[in-house]
$ cat input-v9.txt   # compact mmCIF, C-alpha atoms
# COMPACT_ATOMS: atom_id res chain seq x y z
CA MET B 1 124.94 94.07 91.12
CA ASP B 2 124.86 90.92 89.01
CA PHE B 3 122.36 90.96 86.12
CA SER B 4 123.61 87.73 84.55
CA ARG B 5 121.14 85.12 83.40
CA VAL B 6 120.21 82.53 86.01
CA GLU B 7 121.24 79.03 84.98
CA LEU B 8 118.58 76.51 85.96
CA SER B 9 119.31 72.90 86.77
CA GLU B 10 117.93 70.28 84.39
CA GLU B 11 115.19 69.47 86.92
CA ASP B 12 114.18 73.12 87.36
CA GLN B 13 114.26 73.72 83.61
CA ALA B 14 111.97 70.72 83.17
CA PHE B 15 109.62 72.13 85.81
CA LEU B 16 109.52 75.48 83.99
CA GLU B 17 108.62 73.80 80.71
CA GLU B 18 106.06 71.55 82.39
CA SER B 19 104.32 74.40 84.21
CA ARG B 20 104.40 76.66 81.14
CA ALA B 21 102.80 73.97 78.98
CA PHE B 22 100.16 73.25 81.63
CA LEU B 23 99.21 76.91 81.98
CA ARG B 24 99.10 77.35 78.22
CA GLU B 25 96.66 74.44 78.05
CA ILE B 26 94.23 75.70 80.72
CA VAL B 27 94.47 79.50 80.30
CA THR B 28 92.99 79.75 76.84
CA ASP B 29 92.04 82.82 74.82
CA ASP B 30 88.44 82.18 75.89
CA VAL B 31 89.47 82.27 79.57
CA ILE B 32 91.18 85.63 79.10
CA ARG B 33 88.24 87.00 77.10
CA ARG B 34 85.72 85.89 79.75
CA ASP B 35 87.88 87.37 82.48
CA ARG B 36 87.87 90.78 80.76
CA GLU B 37 84.13 90.54 80.10
CA THR B 38 83.15 89.52 83.64
CA GLY B 39 85.85 91.43 85.51
CA ASP B 40 85.99 88.52 87.97
CA ASN B 41 89.77 88.02 88.02
CA PHE B 42 88.84 84.37 88.57
CA ASP B 43 88.02 81.33 86.47
CA GLU B 44 86.66 78.32 88.34
CA GLY B 45 87.71 75.82 85.68
CA VAL B 46 91.30 77.08 85.76
CA HIS B 47 91.30 77.20 89.55
CA LEU B 48 90.02 73.65 89.98
CA ALA B 49 92.50 72.40 87.40
CA LEU B 50 95.35 73.99 89.35
CA GLY B 51 94.05 72.39 92.53
CA LYS B 52 93.65 68.96 90.95
CA ALA B 53 97.20 69.10 89.59
CA GLY B 54 98.55 69.99 93.04
CA TYR B 55 99.81 73.46 92.19
CA LEU B 56 97.65 75.27 94.79
CA ALA B 57 98.89 73.05 97.61
CA ARG B 58 102.52 73.34 96.50
CA GLU B 59 102.25 77.11 96.28
CA TRP B 60 100.72 77.45 99.74
CA LYS B 61 102.73 74.89 101.71
CA PRO B 62 106.36 75.28 102.80
CA GLU B 63 108.96 73.09 101.11
CA SER B 64 109.18 70.92 104.24
CA GLU B 65 105.53 69.94 103.76
CA GLY B 66 105.71 69.27 100.03
CA GLY B 67 105.57 72.84 98.73
CA PHE B 68 107.76 74.44 96.09
CA ASN B 69 111.41 75.08 96.80
CA ARG B 70 112.56 78.68 96.48
CA VAL B 71 113.59 78.47 92.82
CA ARG B 72 110.47 76.65 91.65
CA ARG B 73 108.23 78.99 93.63
CA ARG B 74 109.76 81.92 91.75
CA ILE B 75 109.46 80.14 88.40
CA TRP B 76 105.80 79.39 89.15
CA GLU B 77 104.99 82.99 90.12
CA LEU B 78 106.56 84.35 86.92
CA GLU B 79 104.88 81.76 84.70
CA LYS B 80 101.45 82.58 86.18
CA ARG B 81 101.94 86.20 85.22
CA ARG B 82 103.14 85.42 81.73
CA ALA B 83 100.10 83.22 81.19
CA HIS B 84 97.74 85.91 82.63
CA VAL B 85 96.18 83.47 85.09
CA PRO B 86 93.09 85.09 86.70
CA TRP B 87 94.52 85.05 90.20
CA VAL B 88 93.10 87.68 92.56
CA THR B 89 90.78 85.29 94.38
CA PHE B 90 93.54 82.84 95.26
CA GLY B 91 95.63 85.80 96.38
CA THR B 92 93.02 86.69 99.00
CA THR B 93 92.50 83.00 99.79
CA ALA B 94 96.19 82.45 100.51
CA MET B 95 96.36 85.50 102.82
CA ILE B 96 93.29 84.47 104.80
CA ALA B 97 94.17 80.78 104.95
CA ARG B 98 97.30 81.64 106.93
CA SER B 99 95.15 83.27 109.59
CA VAL B 100 92.76 80.30 109.55
CA ASP B 101 95.71 77.96 109.99
CA LYS B 102 97.12 80.08 112.83
CA PHE B 103 93.97 81.13 114.71
CA GLY B 104 91.25 78.67 113.68
CA SER B 105 89.98 75.80 115.79
CA PRO B 106 90.97 72.25 114.74
CA GLU B 107 87.37 71.73 113.61
CA LEU B 108 87.41 74.82 111.38
CA LYS B 109 90.80 74.00 109.89
CA ALA B 110 89.63 70.50 109.05
CA GLU B 111 86.57 71.96 107.31
CA VAL B 112 88.40 74.58 105.28
CA MET B 113 92.06 73.87 104.62
CA PRO B 114 91.92 70.60 102.60
CA ARG B 115 89.43 72.18 100.19
CA VAL B 116 91.58 75.31 99.86
CA TYR B 117 94.28 73.04 98.44
CA THR B 118 91.90 71.42 95.94
CA GLY B 119 90.46 74.79 94.85
CA GLU B 120 86.94 73.95 96.03
CA VAL B 121 87.07 76.61 98.76
CA ARG B 122 87.95 80.26 98.16
CA LEU B 123 88.10 83.05 100.73
CA CYS B 124 87.48 86.80 100.38
CA LEU B 125 88.12 89.88 102.51
CA GLY B 126 85.29 91.55 104.44
CA TYR B 127 86.94 94.75 105.68
CA THR B 128 85.78 98.05 104.21
CA GLU B 129 82.43 99.58 105.12
CA PRO B 130 80.40 102.13 103.14
CA GLU B 131 81.37 104.94 105.55
CA GLY B 132 84.68 103.53 106.79
CA GLY B 133 87.18 104.45 104.08
CA SER B 134 90.67 102.99 104.46
CA ASP B 135 90.51 102.68 108.26
CA VAL B 136 89.14 99.15 108.74
CA ALA B 137 89.24 99.54 112.52
CA THR B 138 86.28 101.97 112.35
CA CYS B 139 84.04 98.93 112.07
CA LYS B 140 80.29 99.21 112.64
CA THR B 141 79.25 95.73 111.52
CA ARG B 142 78.06 94.19 114.79
CA ALA B 143 78.43 90.64 116.06
CA VAL B 144 76.36 89.92 119.16
CA ARG B 145 76.73 86.76 121.24
CA ASP B 146 73.66 84.52 121.16
CA GLY B 147 74.05 81.24 123.04
CA ASP B 148 76.64 79.08 121.30
CA GLY B 149 76.84 81.40 118.32
CA TRP B 150 76.71 84.96 117.08
CA VAL B 151 74.29 87.18 115.19
CA ILE B 152 75.87 89.55 112.66
CA ASN B 153 74.35 92.70 111.14
CA GLY B 154 76.00 95.25 108.89
CA SER B 155 77.45 95.71 105.42
CA LYS B 156 80.82 95.64 103.67
CA MET B 157 82.04 97.31 100.49
CA PHE B 158 84.65 96.05 98.01
CA THR B 159 84.34 92.38 98.98
CA THR B 160 86.03 91.29 95.76
CA GLY B 161 85.35 87.70 94.77
CA ALA B 162 82.47 87.15 97.22
CA HIS B 163 80.29 85.69 94.45
CA ASN B 164 82.98 83.09 93.70
CA CYS B 165 83.95 82.32 97.31
CA GLN B 166 82.61 80.07 100.04
CA TYR B 167 83.74 82.07 103.11
CA VAL B 168 84.41 85.71 104.00
CA PHE B 169 87.10 86.83 106.45
CA LEU B 170 84.84 89.25 108.30
CA ILE B 171 85.87 91.96 110.74
CA THR B 172 83.14 92.80 113.25
CA ASN B 173 82.59 95.01 116.27
CA THR B 174 81.81 93.05 119.42
CA ASP B 175 82.22 95.85 121.99
CA PRO B 176 81.08 99.30 120.77
CA ASP B 177 82.12 100.95 124.04
CA ALA B 178 85.75 99.81 123.82
CA PRO B 179 88.58 101.62 121.96
CA LYS B 180 88.37 100.78 118.26
CA HIS B 181 91.38 98.41 118.20
CA LYS B 182 90.07 96.60 121.30
CA SER B 183 86.51 96.09 120.02
CA LEU B 184 87.08 93.83 117.03
CA THR B 185 86.49 90.11 116.52
CA MET B 186 87.23 88.15 113.35
CA PHE B 187 85.02 85.45 111.85
CA LEU B 188 85.26 83.17 108.83
CA VAL B 189 81.61 83.36 107.78
CA PRO B 190 80.11 80.83 105.31
CA LEU B 191 78.71 82.86 102.44
CA ASP B 192 75.77 80.51 101.97
CA SER B 193 74.44 81.51 105.42
CA PRO B 194 70.84 82.83 105.46
CA GLY B 195 70.72 86.61 105.64
CA ILE B 196 73.69 87.30 103.35
CA GLU B 197 73.04 89.26 100.15
CA ILE B 198 75.79 89.86 97.58
CA GLN B 199 75.37 92.71 95.08
CA GLY B 200 77.87 93.22 92.27
CA ILE B 201 79.58 96.55 91.52
CA ARG B 202 81.62 97.24 88.37
CA THR B 203 84.63 99.51 88.70
CA VAL B 204 85.93 101.90 86.05
CA ASP B 205 88.43 99.30 84.79
CA GLY B 206 85.65 96.74 84.31
CA ASP B 207 86.50 94.64 87.36
CA ARG B 208 83.69 93.28 89.47
CA THR B 209 83.66 93.79 93.21
CA ASN B 210 80.74 93.50 95.64
CA ILE B 211 78.81 95.09 98.44
CA VAL B 212 77.65 92.44 100.92
CA TYR B 213 74.77 92.88 103.37
CA TYR B 214 74.52 90.88 106.60
CA SER B 215 70.99 90.74 108.09
CA ASP B 216 70.66 88.67 111.29
CA VAL B 217 73.29 86.23 110.01
CA ARG B 218 73.80 83.44 112.54
CA VAL B 219 77.21 81.77 112.77
CA ASP B 220 78.50 79.14 115.15
CA ASP B 221 81.30 80.11 117.51
CA LYS B 222 83.58 77.64 115.71
CA TYR B 223 83.87 80.20 112.91
CA ARG B 224 85.48 82.74 115.24
CA LEU B 225 89.21 83.33 114.65
CA GLY B 226 91.22 84.28 117.72
CA GLU B 227 89.90 85.70 120.95
CA VAL B 228 86.84 87.90 121.36
CA ASN B 229 87.79 91.59 121.02
CA ASP B 230 91.31 90.61 119.87
CA GLY B 231 90.51 90.65 116.18
CA TRP B 232 93.19 93.23 115.49
CA THR B 233 95.83 90.59 116.25
CA VAL B 234 94.19 88.23 113.73
CA VAL B 235 93.72 90.78 110.95
CA ARG B 236 97.03 92.61 111.32
CA GLU B 237 99.17 90.06 109.46
CA PRO B 238 96.96 89.90 106.33
CA LEU B 239 96.67 93.69 106.43
CA ASN B 240 100.45 94.05 106.50
CA VAL B 241 100.73 91.76 103.49
CA GLU B 242 98.06 93.73 101.62
CA HIS B 243 99.85 96.98 102.50
CA GLY B 244 103.10 95.67 101.06
CA ALA B 245 104.98 95.28 104.33
CA VAL B 246 106.89 92.16 103.28
CA GLU B 247 110.33 91.16 104.50
CA ALA B 248 113.13 91.21 101.95
CA ALA B 249 114.54 87.79 101.04
CA ALA B 250 118.31 87.35 101.17
CA ASP B 251 118.31 85.19 98.03
CA GLY B 252 116.18 87.65 96.03
CA LEU B 253 113.75 84.91 94.98
CA GLN B 254 110.51 86.65 95.79
CA ASP B 255 108.58 89.80 94.99
CA VAL B 256 109.99 92.81 96.78
CA SER B 257 106.51 94.28 97.25
CA ILE B 258 102.89 93.42 96.52
CA MET B 259 101.00 94.42 93.37
CA MET B 260 103.63 92.79 91.15
CA HIS B 261 100.96 90.53 89.63
CA GLN B 262 98.77 93.53 88.77
CA ALA B 263 101.74 95.53 87.50
CA ASN B 264 102.49 92.78 85.00
CA THR B 265 99.66 94.21 82.90
CA MET B 266 101.74 97.38 82.65
CA ALA B 267 104.82 95.43 81.54
CA ALA B 268 102.78 93.59 78.89
CA ALA B 269 101.37 96.88 77.57
CA VAL B 270 104.83 98.48 77.43
CA ASP B 271 106.19 95.48 75.52
CA LYS B 272 103.36 95.69 72.98
CA ALA B 273 103.87 99.44 72.57
CA ALA B 274 107.61 98.96 72.06
CA ALA B 275 106.90 96.43 69.31
CA LYS B 276 104.25 98.62 67.70
CA VAL B 277 106.38 101.77 67.44
CA THR B 278 109.08 99.85 65.53
CA GLU B 279 106.66 98.75 62.78
CA PRO B 280 107.00 100.75 59.54
CA ASP B 281 103.93 102.46 58.11
CA PRO B 282 103.08 102.23 54.37
CA ASN B 283 105.65 104.97 53.75
CA GLY B 284 108.37 103.09 55.63
CA ARG B 285 108.36 105.49 58.61
CA ARG B 286 108.48 104.20 62.17
CA LEU B 287 107.16 106.02 65.23
CA ILE B 288 110.34 105.17 67.14
CA ASP B 289 112.34 107.31 64.71
CA ASP B 290 110.66 110.37 66.24
CA GLY B 291 112.91 111.49 69.08
CA SER B 292 110.01 112.46 71.32
CA VAL B 293 108.47 108.98 70.96
CA ALA B 294 111.75 107.29 71.81
CA TYR B 295 112.22 109.60 74.78
CA ARG B 296 108.74 109.09 76.22
CA LEU B 297 108.84 105.32 75.75
CA GLY B 298 112.31 105.13 77.30
CA ARG B 299 111.21 107.29 80.22
CA GLY B 300 108.24 104.97 80.79
CA VAL B 301 110.44 101.86 80.74
CA ALA B 302 112.87 103.44 83.21
CA ARG B 303 110.02 104.36 85.58
CA MET B 304 108.57 100.89 85.30
CA GLU B 305 111.85 99.13 86.01
CA ALA B 306 112.49 101.40 89.01
CA SER B 307 109.04 100.63 90.41
CA PHE B 308 109.59 96.88 90.05
CA SER B 309 112.75 97.25 92.13
CA ALA B 310 111.19 99.32 94.93
CA THR B 311 110.70 97.34 98.12
CA SER B 312 107.92 96.84 100.65
CA ILE B 313 105.40 99.66 101.05
CA PHE B 314 107.55 101.90 98.82
CA GLY B 315 107.07 99.45 95.95
CA ARG B 316 103.34 99.36 96.68
CA VAL B 317 103.25 103.11 95.99
CA ALA B 318 105.80 103.12 93.17
CA LEU B 319 104.07 100.43 91.11
CA ALA B 320 100.67 102.09 91.28
CA GLN B 321 102.09 105.54 90.54
CA ALA B 322 104.14 104.19 87.62
CA MET B 323 101.00 102.69 86.10
CA ARG B 324 99.24 106.05 86.41
CA ASP B 325 102.19 107.87 84.84
CA ILE B 326 102.94 105.46 82.01
CA SER B 327 99.47 104.48 80.78
CA PRO B 328 98.53 107.93 79.39
CA ASP B 329 101.82 108.07 77.50
CA LEU B 330 101.18 104.66 75.94
CA MET B 331 97.72 105.75 74.83
CA ASP B 332 99.13 108.97 73.36
CA LEU B 333 102.02 107.27 71.55
CA LEU B 334 99.80 104.64 69.92
CA GLY B 335 97.08 107.10 68.93
CA THR B 336 93.32 106.87 68.71
CA ALA B 337 93.30 103.11 68.01
CA ALA B 338 94.79 102.55 71.49
CA SER B 339 91.41 103.46 72.99
CA LEU B 340 89.84 100.30 71.54
CA PRO B 341 89.48 97.40 74.01
CA LEU B 342 90.54 93.77 73.83
CA GLY B 343 89.11 91.86 70.88
CA THR B 344 88.07 94.95 68.92
CA ASP B 345 88.98 95.13 65.24
CA GLY B 346 91.61 97.80 64.67
CA ALA B 347 92.82 98.02 68.29
CA ALA B 348 96.41 99.25 68.26
CA ASP B 349 97.69 96.64 70.72
CA ASP B 350 94.70 94.38 71.30
CA GLY B 351 93.52 96.60 74.12
CA ALA B 352 96.62 96.36 76.35
CA ALA B 353 97.17 100.12 76.85
CA GLU B 354 93.45 100.82 77.12
CA TYR B 355 93.09 98.27 79.92
CA VAL B 356 96.10 99.56 81.89
CA TYR B 357 94.78 103.11 81.54
CA ARG B 358 91.51 102.09 83.23
CA PHE B 359 93.20 99.70 85.66
CA ALA B 360 95.86 102.11 86.97
CA PRO B 361 93.60 104.28 89.17
CA LEU B 362 92.20 101.19 90.90
CA VAL B 363 95.66 99.77 91.71
CA GLY B 364 96.23 102.99 93.64
CA ILE B 365 93.11 102.33 95.72
CA TYR B 366 93.20 98.57 96.42
CA GLY B 367 94.02 97.88 100.08
CA GLY B 368 94.21 101.62 100.80
CA THR B 369 94.81 104.71 98.70
CA LEU B 370 98.21 106.03 97.69
CA GLU B 371 97.58 109.07 99.89
CA VAL B 372 97.15 106.79 102.91
CA PHE B 373 100.33 104.88 102.11
CA ARG B 374 102.32 108.08 101.60
CA ASN B 375 101.14 109.28 104.98
CA MET B 376 102.22 105.94 106.48
CA ILE B 377 105.67 106.33 104.96
CA ALA B 378 105.92 109.91 106.19
CA GLN B 379 104.80 109.00 109.70
CA TYR B 380 106.45 105.63 110.36
CA VAL B 381 109.54 105.76 108.12
CA LEU B 382 110.46 109.43 107.99
CA GLY B 383 109.20 110.25 111.49
CA LEU B 384 107.20 113.30 110.36
CA GLY B 385 104.37 112.76 112.82
CA LYS B 386 100.66 112.23 112.32
CA PRO B 387 98.94 114.27 109.61
CA ALA B 388 96.63 116.97 110.93
CA TYR B 389 93.29 116.81 109.15
CA ALA B 390 91.40 119.17 111.45
CA PRO B 391 90.82 122.73 110.18
CA PRO B 392 93.15 125.35 111.68
CA ALA B 393 91.92 126.73 114.98
CA LYS B 394 90.52 130.20 114.69
CA LYS B 395 92.21 132.88 116.76
CA ALA B 396 90.07 134.63 119.27
CA SER B 397 89.22 138.11 118.12
$ encode --input "input-v9.txt" --output "C-alpha cells"
Amino acid sequence: MDFSRVELSEEDQAFLEESRAFLREIVTDDVIRRDRETGDNFDEGVHLALGKAGYLAREWKPESEGGFNRVRRRIWELEKRRAHVPWVTFGTTAMIARSVDKFGSPELKAEVMPRVYTGEVRLCLGYTEPEGGSDVATCKTRAVRDGDGWVINGSKMFTTGAHNCQYVFLITNTDPDAPKHKSLTMFLVPLDSPGIEIQGIRTVDGDRTNIVYYSDVRVDDKYRLGEVNDGWTVVREPLNVEHGAVEAAADGLQDVSIMMHQANTMAAAVDKAAAKVTEPDPNGRRLIDDGSVAYRLGRGVARMEASFSATSIFGRVALAQAMRDISPDLMDLLGTAASLPLGTDGAADDGAAEYVYRFAPLVGIYGGTLEVFRNMIAQYVLGLGKPAYAPPAKKAS
C-alpha cells in the first residue's frame, strides 16, 4: 500500500489554491456561527455563490459535460470539508436530481435542472413517516388520481432542509391494496403548493429538521417520477446511496462510503484535542505526558483512521460508531471546559468536542439506524437470514 504524497500537476495545484481561496472568502466565521445557531446545515448566500461561480454544475455533471475530472473532484470534496461548507442540502439535492434527470419528463427537467446548477433550486427527501421508522416502504401518505393531477394527504418526519428547499422528493402510496413495494409512486412536489405546512424540529445536536404535513395538496401529473406504483424503482438508487452502498473506484479518488462529510467534524475535533494536550500548563506539565492520555488519544485516532478506510455500508456503520466511541473520550481528556459550545469564552477547543459529542448519536440514525444497517450486513453479506422480531411461540401446555 502506497502512502506517498500525491504530486499534483501545476494546473491541479492552481485549482486547489483557487478553490481554497474562494471557499475561504465565502465561508466566513459568521457563516459557521449562523450554521451552528440555526442548525440548518445550509447557507443560501454560500450556496448561490457556489452556483454563480459554476462549482455546483461542475460537481454534478460528468467530465464529458464540463464537470470536474477525477482529481479535481477529489480536491474539491476535500476542500469543502476543510472549509466547513454547510452542505447537507446540496447533498440531498444531488441525490434527488439524478432521479429527476433519469425519470422526470422533459418538461420537469427543464423546470428544475438548470436552477439546480445555479443554486436557486434545492431538493429534500420526503421518506420517513411518524409511525414508519426506517422502513420507508410502509408508506401511508396517499396520492389519489384526480383528473390530470393528484391529491396528496399525509405527513413526513425528518424532512431536513424543507424550509430551504423548493421541491420535496415525496414517496406516496397509490394502491393501498397492493404489496408494499408495488404500491408506491414518487413525486417531486413544489413546496410552495397550497396545503403544505412545514414545522421545524431541533435535534439533540442542535440541527434543524422538519415534520411536513400534506393536506389536500394538488400536484400536476408532470411532477410524477417514473410509472405509477413503480416508485420503488425510482427511490431505490437514492436509498442505496444514502445507505452507503457505493461502488469502489479503481483509482481511489472518491469516498469509500457515505458520511465522510459528517465524520470530518470528528477529525477536526481530534486534531484540536491533539494540539491541546501538548500545550504546557503554568507548571510546564502537558496532558500528553500522562500515559493514559496518550493511550486513549492514540486509540481514538486508530479507530478514526480505520473507520475512514471502511468501505460501503461497513463504512457507514464504522464512521458513526467511531464518532460515538471517540467523542466521550475527547470530552473526558479535555475536562470540564470541553462541555462549552462554539464561541463560548473558556471553551477548551472552541466547542469542537462538545459538538461531536451531540452530533454522534444522530449520525447513527440518519438514513436508518446502526441496528438496521447491522441487520442488513448480517442478512445480505453474511447470509445469516432475516432477524426474528416476533416473541417466541408459547408451547402448548
$ closest_residue --input "input-v9.txt" --among "B:Ile211, B:Val31, B:Val228, B:Ala97" --to "B:Thr174" --atoms "all atoms listed in the file"
B:Val228
$ residues_around --input "input-v9.txt" --residues "B:Arg202" --least-positions-apart "5" --cutoff "10 Å" --atoms "all atoms listed in the file" --output "tab-separated table (two decimals) with C-alpha atoms, in the coordinates of the input"
chain	number	residue	atom	x	y	z
B	38	THR	CA	83.15	89.52	83.64
B	39	GLY	CA	85.85	91.43	85.51
B	40	ASP	CA	85.99	88.52	87.97
B	207	ASP	CA	86.50	94.64	87.36
B	208	ARG	CA	83.69	93.28	89.47
B	209	THR	CA	83.66	93.79	93.21
B	210	ASN	CA	80.74	93.50	95.64
$ residues_around --input "input-v9.txt" --residues "B:Met186" --least-positions-apart "4" --cutoff "9 Å" --atoms "all atoms listed in the file" --output "list in words"
Phe169, Leu170, Ile171, Thr172, Asn173, Tyr223, Arg224, Leu225, Gly226, Glu227, Val228, Asn229, Asp230, Gly231, Trp232, Val234 and Val235 of chain B
$ residues_around --input "input-v9.txt" --residues "B:Arg72" --least-positions-apart "3" --cutoff "9 Å" --atoms "all atoms listed in the file" --output "count of residues only"
8
$ residues_near_point --input "input-v9.txt" --point "(96.1, 83.2, 98.4)" --cutoff "10 Å" --atoms "all atoms listed in the file" --output "list in words"
Leu56, Glu59, Trp60, Trp87, Val88, Thr89, Phe90, Gly91, Thr92, Thr93, Ala94, Met95, Ile96, Ala97, Arg98, Val116, Arg122, Leu123 and Cys124 of chain B
$ closest_residue --input "input-v9.txt" --among "B:Thr128, B:Thr138, B:Ser215, B:Thr265" --to "B:Gly154" --atoms "only C-alpha atoms"
B:Ser215
$ residues_around --input "input-v9.txt" --residues "B:Gln199" --least-positions-apart "5" --cutoff "12 Å" --atoms "only C-alpha atoms" --output "list in words"
Ser155, Lys156, Met157, Phe158, Thr159, Thr160, Gly161, Ala162, His163, Arg208, Thr209, Asn210, Ile211, Val212, Tyr213 and Tyr214 of chain B
$ atom_distance --input "input-v9.txt" --atom1 "atom CA of B:Glu25" --atom2 "atom CA of B:Ala49"
10.4 Å
$ closest_residue --input "input-v9.txt" --among "B:Ile288, B:Ala269, B:Met113, B:Ile313" --to "B:Leu342" --atoms "only C-alpha atoms"
B:Ala269
$ closest_residue --input "input-v9.txt" --among "B:Ala348, B:Asn153, B:Gln13, B:Ala360" --to "B:Ala274" --atoms "only C-alpha atoms"
B:Ala348
$ closest_residue --input "input-v9.txt" --among "B:Ala21, B:Val217, B:Met259, B:Leu78" --to "B:Trp150" --atoms "all atoms listed in the file"
B:Val217
$ atom_distance --input "input-v9.txt" --atom1 "atom CA of B:Val151" --atom2 "atom CA of B:Asp220"
9.1 Å
$ residues_around --input "input-v9.txt" --residues "B:Ala352" --least-positions-apart "5" --cutoff "10 Å" --atoms "only C-alpha atoms" --output "ChimeraX atom specification"
/B:265-273,327,330-331,338-342,347,357
$ closest_residue --input "input-v9.txt" --among "B:Asp135, B:Asp175, B:Asp290, B:Glu354" --to "B:Gly367" --atoms "all atoms listed in the file"
B:Asp135
$ atom_distance --input "input-v9.txt" --atom1 "atom CA of B:Arg115" --atom2 "atom CA of B:Gly51"
8.9 Å
$ axis_aligned_box --input "input-v9.txt" --around "stretch 112-115 of chain B" --padding-each-side "4 Å" --output "JSON"
{"center_x": 90.2, "center_y": 72.6, "center_z": 102.7, "size_x": 11.7, "size_y": 12.0, "size_z": 13.1}
$ build_atoms --input "input-v9.txt" --residues "stretch 179-195 of chain B" --atoms "N, CA, C and O atoms" --output "PDB file, keeping the file's coordinate frame"
ATOM      1  N   PRO B 179      87.784 100.971 123.006  1.00  0.00           N
ATOM      2  CA  PRO B 179      88.580 101.620 121.960  1.00  0.00           C
ATOM      3  C   PRO B 179      88.559 100.791 120.689  1.00  0.00           C
ATOM      4  O   PRO B 179      88.456  99.552 120.743  1.00  0.00           O
ATOM      5  N   LYS B 180      88.674 101.471 119.517  1.00  0.00           N
ATOM      6  CA  LYS B 180      88.370 100.780 118.260  1.00  0.00           C
ATOM      7  C   LYS B 180      89.267  99.568 117.993  1.00  0.00           C
ATOM      8  O   LYS B 180      88.821  98.598 117.379  1.00  0.00           O
ATOM      9  N   HIS B 181      90.529  99.573 118.431  1.00  0.00           N
ATOM     10  CA  HIS B 181      91.380  98.410 118.200  1.00  0.00           C
ATOM     11  C   HIS B 181      91.182  97.329 119.247  1.00  0.00           C
ATOM     12  O   HIS B 181      91.788  96.258 119.160  1.00  0.00           O
ATOM     13  N   LYS B 182      90.350  97.587 120.254  1.00  0.00           N
ATOM     14  CA  LYS B 182      90.070  96.600 121.300  1.00  0.00           C
ATOM     15  C   LYS B 182      88.624  96.107 121.223  1.00  0.00           C
ATOM     16  O   LYS B 182      88.146  95.434 122.140  1.00  0.00           O
ATOM     17  N   SER B 183      87.930  96.411 120.133  1.00  0.00           N
ATOM     18  CA  SER B 183      86.510  96.090 120.020  1.00  0.00           C
ATOM     19  C   SER B 183      86.215  95.113 118.895  1.00  0.00           C
ATOM     20  O   SER B 183      85.052  94.827 118.606  1.00  0.00           O
ATOM     21  N   LEU B 184      87.254  94.570 118.270  1.00  0.00           N
ATOM     22  CA  LEU B 184      87.080  93.830 117.030  1.00  0.00           C
ATOM     23  C   LEU B 184      87.214  92.329 117.223  1.00  0.00           C
ATOM     24  O   LEU B 184      88.067  91.868 118.003  1.00  0.00           O
ATOM     25  N   THR B 185      86.397  91.571 116.513  1.00  0.00           N
ATOM     26  CA  THR B 185      86.490  90.110 116.520  1.00  0.00           C
ATOM     27  C   THR B 185      86.362  89.628 115.074  1.00  0.00           C
ATOM     28  O   THR B 185      85.525  90.120 114.322  1.00  0.00           O
ATOM     29  N   MET B 186      87.217  88.670 114.710  1.00  0.00           N
ATOM     30  CA  MET B 186      87.230  88.150 113.350  1.00  0.00           C
ATOM     31  C   MET B 186      86.475  86.839 113.249  1.00  0.00           C
ATOM     32  O   MET B 186      86.564  85.975 114.132  1.00  0.00           O
ATOM     33  N   PHE B 187      85.746  86.683 112.143  1.00  0.00           N
ATOM     34  CA  PHE B 187      85.020  85.450 111.850  1.00  0.00           C
ATOM     35  C   PHE B 187      85.322  85.010 110.423  1.00  0.00           C
ATOM     36  O   PHE B 187      85.606  85.836 109.556  1.00  0.00           O
ATOM     37  N   LEU B 188      85.247  83.714 110.186  1.00  0.00           N
ATOM     38  CA  LEU B 188      85.260  83.170 108.830  1.00  0.00           C
ATOM     39  C   LEU B 188      83.830  82.722 108.555  1.00  0.00           C
ATOM     40  O   LEU B 188      83.427  81.622 108.945  1.00  0.00           O
ATOM     41  N   VAL B 189      83.056  83.566 107.903  1.00  0.00           N
ATOM     42  CA  VAL B 189      81.610  83.360 107.780  1.00  0.00           C
ATOM     43  C   VAL B 189      81.288  82.625 106.480  1.00  0.00           C
ATOM     44  O   VAL B 189      81.689  83.067 105.393  1.00  0.00           O
ATOM     45  N   PRO B 190      80.555  81.500 106.547  1.00  0.00           N
ATOM     46  CA  PRO B 190      80.110  80.830 105.310  1.00  0.00           C
ATOM     47  C   PRO B 190      79.182  81.740 104.513  1.00  0.00           C
ATOM     48  O   PRO B 190      78.202  82.274 105.043  1.00  0.00           O
ATOM     49  N   LEU B 191      79.473  81.920 103.254  1.00  0.00           N
ATOM     50  CA  LEU B 191      78.710  82.860 102.440  1.00  0.00           C
ATOM     51  C   LEU B 191      77.363  82.310 101.987  1.00  0.00           C
ATOM     52  O   LEU B 191      76.566  83.050 101.397  1.00  0.00           O
ATOM     53  N   ASP B 192      77.096  81.036 102.271  1.00  0.00           N
ATOM     54  CA  ASP B 192      75.770  80.510 101.970  1.00  0.00           C
ATOM     55  C   ASP B 192      74.841  80.607 103.186  1.00  0.00           C
ATOM     56  O   ASP B 192      73.732  80.056 103.177  1.00  0.00           O
ATOM     57  N   SER B 193      75.264  81.346 104.222  1.00  0.00           N
ATOM     58  CA  SER B 193      74.440  81.510 105.420  1.00  0.00           C
ATOM     59  C   SER B 193      73.203  82.344 105.093  1.00  0.00           C
ATOM     60  O   SER B 193      73.295  83.335 104.347  1.00  0.00           O
ATOM     61  N   PRO B 194      72.028  81.986 105.643  1.00  0.00           N
ATOM     62  CA  PRO B 194      70.840  82.830 105.460  1.00  0.00           C
ATOM     63  C   PRO B 194      71.087  84.252 105.976  1.00  0.00           C
ATOM     64  O   PRO B 194      71.734  84.436 107.005  1.00  0.00           O
ATOM     65  N   GLY B 195      70.569  85.225 105.235  1.00  0.00           N
ATOM     66  CA  GLY B 195      70.720  86.610 105.640  1.00  0.00           C
ATOM     67  C   GLY B 195      71.842  87.348 104.944  1.00  0.00           C
ATOM     68  O   GLY B 195      72.021  88.553 105.158  1.00  0.00           O
TER      69      GLY B 195
END
